[in-house]
Amino acid sequence: MHAIRVSDLRKRFLTTQALDGVSLEIQQGEFFGLLGPNGAGKTTLISILAGLTRADSGRAAIMGHDVVSDYRQSRRALGVVPQELVYDPFFNVRETLRIQSGYFGLRHNNAWIDEIMHHLALTPHADKNTQSLSGGMKRRLLVAQALVHKPPVIMLDEPTAGVDVDLRRSLWEFISRLNREGHTILLTTHYLEEAEALCGRIGMLKAGRIVALDATRNLLRLTNEHCAQLRLDTEAVPAAWQSRLMRDPDGSWRINFSEYSDLEALLADLRRANVQVTEMRLQEPDLEDVFTDIMKRT
């Protein structure tokens, strides 16, 4: 049984085709990244899986439960952290989580609520009204609400947008632990370094279509573009390299190359011109390079 299964999903809003035949299968226990530019259809797909939006055609299921015909079981199997900050201003943090537990028929859930609050650093704020929380704390509360019924599938829609470094670190430690314990994670994020570090497999959406889908390590092999950053003891560079070398704001020089022989030729020409390299750093291709390349090509 797949944790998430989507077959030929289509959704149109007036003149905008938000999803155009999306098919996707995510195995149980995966940490899956769903990437794409703004307007690619990521949030629409998550809304359909969560039952907030109905597709025009196609099918979607969570843990084998159809999101339309078996919506009670599909929603019970799912925890969603939305992109927007949504909260009830009439309750404090602990009350909010107890009420959320009640939605799923959980009466004796205090131990798990305490554990969630501890891992998300919400314990000192347990008795504060949600309206008085900072934006980062409200984001933590949304994560806690999504986890309160221990769903096997967790969908995170831009969970670290606008939050501090400490929250990111603590959140990813907790989510990674849940993944190791068997929970399936679906993540959308514009922080591609997060997706590269966390996700075992990645799908890329553009204009409502999946344009790339593979293991993260395989996607990283799609580009052979490398980059070297050099500091030189002079402002002048050999004329033959002036079109290849780019000047960074910090005064260093940067060259993109696909073959290491290009870098060897540059260093040889610099030596012949009596130009010394005082510092050099090599940068391997990352997911951002691959993402940018795929979006351009498609």
# chains A, B, ... in the order shown; residues from 1 in each chain; ligands from 1
>>> closest_atom_pairs(of="range 206-257 of chain A", to="range 40-56 of chain A", cutoff="12 Å", atoms="only C-alpha atoms", output="JSON lines")
{"residue": "A:Lys206", "atom": "CA", "partner": "A:Ala40", "partner_atom": "CA", "distance": 4.7}
{"residue": "A:Ala207", "atom": "CA", "partner": "A:Ala40", "partner_atom": "CA", "distance": 4.7}
{"residue": "A:Gly208", "atom": "CA", "partner": "A:Gly41", "partner_atom": "CA", "distance": 5.1}
{"residue": "A:Arg209", "atom": "CA", "partner": "A:Ala40", "partner_atom": "CA", "distance": 7.8}
{"residue": "A:Ile210", "atom": "CA", "partner": "A:Ala40", "partner_atom": "CA", "distance": 9.3}
{"residue": "A:Val211", "atom": "CA", "partner": "A:Ala40", "partner_atom": "CA", "distance": 10.7}
>>> write_last_selection(atoms="C-alpha atoms", output="CSV table (one decimal), in the first residue's frame")
chain,number,residue,atom,x,y,z
A,206,LYS,CA,6.0,23.4,-13.1
A,207,ALA,CA,2.7,24.8,-14.5
A,208,GLY,CA,0.7,21.9,-13.0
A,209,ARG,CA,2.9,19.1,-14.4
A,210,ILE,CA,5.6,17.0,-12.9
A,211,VAL,CA,8.8,17.8,-14.9
>>> residues_around(residues="range 215-226 of chain A", least_positions_apart="6", cutoff="9 Å", atoms="only C-alpha atoms", output="NGL selection string")
:A and (195-196 or 199-203 or 255-260 or 282-287 or 289-291 or 293)
>>> select_by_dssp(residues="range 33-172 of chain A", states="strand (DSSP E)", output="JSON, numbers by chain")
{"A": [33, 34, 35, 57, 58, 59, 60, 61, 62, 65, 66, 78, 79, 80, 81, 153, 154, 155, 156, 157]}
>>> write_last_selection(atoms="N, CA and C atoms", output="PDB file, in the first residue's frame")
ATOM      1  N   GLY A  33      10.216  15.247  -1.188  1.00  0.00           N
ATOM      2  CA  GLY A  33      10.180  16.686  -1.422  1.00  0.00           C
ATOM      3  C   GLY A  33       9.402  17.019  -2.683  1.00  0.00           C
ATOM      4  N   LEU A  34       8.502  17.984  -2.587  1.00  0.00           N
ATOM      5  CA  LEU A  34       7.741  18.457  -3.742  1.00  0.00           C
ATOM      6  C   LEU A  34       8.141  19.915  -3.976  1.00  0.00           C
ATOM      7  N   LEU A  35       8.859  20.159  -5.063  1.00  0.00           N
ATOM      8  CA  LEU A  35       9.434  21.473  -5.325  1.00  0.00           C
ATOM      9  C   LEU A  35       8.820  22.085  -6.573  1.00  0.00           C
ATOM     10  N   SER A  57     -10.845  16.071 -12.050  1.00  0.00           N
ATOM     11  CA  SER A  57     -10.796  14.674 -12.479  1.00  0.00           C
ATOM     12  C   SER A  57      -9.557  14.029 -11.879  1.00  0.00           C
ATOM     13  N   GLY A  58      -9.504  12.698 -11.971  1.00  0.00           N
ATOM     14  CA  GLY A  58      -8.394  11.966 -11.375  1.00  0.00           C
ATOM     15  C   GLY A  58      -8.739  11.470  -9.988  1.00  0.00           C
ATOM     16  N   ARG A  59      -7.796  10.744  -9.388  1.00  0.00           N
ATOM     17  CA  ARG A  59      -8.026  10.158  -8.067  1.00  0.00           C
ATOM     18  C   ARG A  59      -6.825  10.415  -7.166  1.00  0.00           C
ATOM     19  N   ALA A  60      -7.101  10.475  -5.861  1.00  0.00           N
ATOM     20  CA  ALA A  60      -6.043  10.622  -4.865  1.00  0.00           C
ATOM     21  C   ALA A  60      -6.417   9.802  -3.640  1.00  0.00           C
ATOM     22  N   ALA A  61      -5.417   9.175  -3.027  1.00  0.00           N
ATOM     23  CA  ALA A  61      -5.667   8.336  -1.857  1.00  0.00           C
ATOM     24  C   ALA A  61      -4.546   8.507  -0.851  1.00  0.00           C
ATOM     25  N   ILE A  62      -4.905   8.443   0.434  1.00  0.00           N
ATOM     26  CA  ILE A  62      -3.952   8.472   1.543  1.00  0.00           C
ATOM     27  C   ILE A  62      -4.038   7.126   2.248  1.00  0.00           C
ATOM     28  N   HIS A  65      -6.878   5.033   1.267  1.00  0.00           N
ATOM     29  CA  HIS A  65      -8.228   5.561   1.444  1.00  0.00           C
ATOM     30  C   HIS A  65      -8.451   6.717   0.476  1.00  0.00           C
ATOM     31  N   ASP A  66      -9.443   6.583  -0.390  1.00  0.00           N
ATOM     32  CA  ASP A  66      -9.755   7.637  -1.360  1.00  0.00           C
ATOM     33  C   ASP A  66     -10.159   8.911  -0.631  1.00  0.00           C
ATOM     34  N   LEU A  78      -3.847  11.592   8.011  1.00  0.00           N
ATOM     35  CA  LEU A  78      -3.062  12.711   7.492  1.00  0.00           C
ATOM     36  C   LEU A  78      -2.960  13.851   8.494  1.00  0.00           C
ATOM     37  N   GLY A  79      -1.751  14.435   8.583  1.00  0.00           N
ATOM     38  CA  GLY A  79      -1.543  15.667   9.337  1.00  0.00           C
ATOM     39  C   GLY A  79      -0.968  16.708   8.403  1.00  0.00           C
ATOM     40  N   VAL A  80      -1.558  17.908   8.385  1.00  0.00           N
ATOM     41  CA  VAL A  80      -1.157  18.935   7.435  1.00  0.00           C
ATOM     42  C   VAL A  80      -0.717  20.195   8.174  1.00  0.00           C
ATOM     43  N   VAL A  81       0.454  20.703   7.799  1.00  0.00           N
ATOM     44  CA  VAL A  81       0.911  22.014   8.271  1.00  0.00           C
ATOM     45  C   VAL A  81       0.730  22.985   7.119  1.00  0.00           C
ATOM     46  N   VAL A 153       0.935   9.859   7.861  1.00  0.00           N
ATOM     47  CA  VAL A 153       1.392  10.711   6.767  1.00  0.00           C
ATOM     48  C   VAL A 153       1.333  12.160   7.221  1.00  0.00           C
ATOM     49  N   ILE A 154       2.445  12.885   7.032  1.00  0.00           N
ATOM     50  CA  ILE A 154       2.532  14.293   7.448  1.00  0.00           C
ATOM     51  C   ILE A 154       2.914  15.125   6.236  1.00  0.00           C
ATOM     52  N   MET A 155       2.117  16.154   5.932  1.00  0.00           N
ATOM     53  CA  MET A 155       2.403  17.046   4.809  1.00  0.00           C
ATOM     54  C   MET A 155       2.752  18.430   5.355  1.00  0.00           C
ATOM     55  N   LEU A 156       3.907  18.912   4.962  1.00  0.00           N
ATOM     56  CA  LEU A 156       4.431  20.190   5.440  1.00  0.00           C
ATOM     57  C   LEU A 156       4.521  21.152   4.264  1.00  0.00           C
ATOM     58  N   ASP A 157       3.665  22.171   4.258  1.00  0.00           N
ATOM     59  CA  ASP A 157       3.633  23.146   3.172  1.00  0.00           C
ATOM     60  C   ASP A 157       4.377  24.402   3.618  1.00  0.00           C
TER      61      ASP A 157
END
>>> closest_residue(among="A:Ala18, A:Met204, A:Leu133, A:Leu141", to="Met295 in chain A", atoms="only C-alpha atoms")
A:Met204
>>> residues_around(residues="Glu235 in chain A", least_positions_apart="2", cutoff="12 Å", atoms="only C-alpha atoms", output="JSON, numbers by chain")
{"A": [230, 231, 232, 233, 237, 238, 242, 247, 251, 252, 253, 275, 276, 277]}
>>> atom_distance(atom1="CA of Leu198 in chain A", atom2="CA of Pro152 in chain A")
17.8 Å
>>> select_by_dssp(residues="range 34-142 of chain A", states="alpha helix (DSSP H)", output="JSON, numbers by chain")
{"A": [42, 43, 44, 45, 46, 47, 48, 49, 50, 71, 72, 73, 74, 75, 76, 93, 94, 95, 96, 97, 98, 99, 100, 101, 102, 103, 110, 111, 112, 113, 114, 115, 116, 117, 118, 119, 135, 136, 137, 138, 139, 140, 141, 142]}
>>> write_last_selection(atoms="C-alpha atoms", output="compact mmCIF listing (two decimals), in the first residue's frame")
# COMPACT_ATOMS: atom_id res chain seq x y z
CA LYS A 42 2.05 22.44 -4.99
CA THR A 43 -0.52 23.91 -2.60
CA THR A 44 -3.39 22.87 -4.87
CA LEU A 45 -2.15 19.28 -4.78
CA ILE A 46 -1.85 19.37 -0.98
CA SER A 47 -5.34 20.92 -0.69
CA ILE A 48 -6.81 18.08 -2.76
CA LEU A 49 -5.05 15.45 -0.65
CA ALA A 50 -6.30 17.16 2.52
CA TYR A 71 -12.61 10.94 3.35
CA ARG A 72 -12.95 10.16 7.07
CA GLN A 73 -10.20 7.56 7.06
CA SER A 74 -7.99 9.50 4.65
CA ARG A 75 -8.11 12.60 6.86
CA ARG A 76 -7.48 10.58 9.99
CA VAL A 93 -1.67 26.53 23.33
CA ARG A 94 -2.53 23.52 25.49
CA GLU A 95 -6.27 24.00 25.03
CA THR A 96 -5.81 24.26 21.27
CA LEU A 97 -4.00 20.93 21.16
CA ARG A 98 -6.56 19.23 23.40
CA ILE A 99 -9.38 20.47 21.18
CA GLN A 100 -7.49 19.24 18.11
CA SER A 101 -7.18 15.84 19.79
CA GLY A 102 -10.93 15.83 20.35
CA TYR A 103 -11.55 16.21 16.63
CA ASN A 110 -1.90 14.64 27.39
CA ALA A 111 1.39 12.71 27.42
CA TRP A 112 1.80 13.03 23.64
CA ILE A 113 0.74 16.70 23.74
CA ASP A 114 3.43 17.36 26.38
CA GLU A 115 6.03 15.57 24.24
CA ILE A 116 5.11 17.56 21.13
CA MET A 117 5.26 20.85 23.03
CA HIS A 118 8.64 19.90 24.48
CA HIS A 119 10.19 19.07 21.09
CA GLY A 135 4.78 34.41 14.20
CA GLY A 136 7.40 31.72 14.82
CA MET A 137 5.49 30.32 17.80
CA LYS A 138 2.26 30.24 15.82
CA ARG A 139 4.10 28.26 13.18
CA ARG A 140 5.25 25.80 15.85
CA LEU A 141 1.66 25.45 17.06
CA LEU A 142 0.50 24.59 13.52
>>> closest_residue(among="A:Ser7, A:Thr188, A:Thr234, A:Asn109", to="Val148 in chain A", atoms="only C-alpha atoms")
A:Asn109
>>> residues_around(residues="Arg168 in chain A", least_positions_apart="6", cutoff="10 Å", atoms="only C-alpha atoms", output="list in words")
Leu120, Gly136, Arg140, Pro159, Thr160, Ala161, Gly162, Phe174 and Glu194 of chain A
>>> closest_residue(among="A:Leu24, A:Ala121, A:Gly39, A:Ala240", to="Ala273 in chain A", atoms="only C-alpha atoms")
A:Ala240
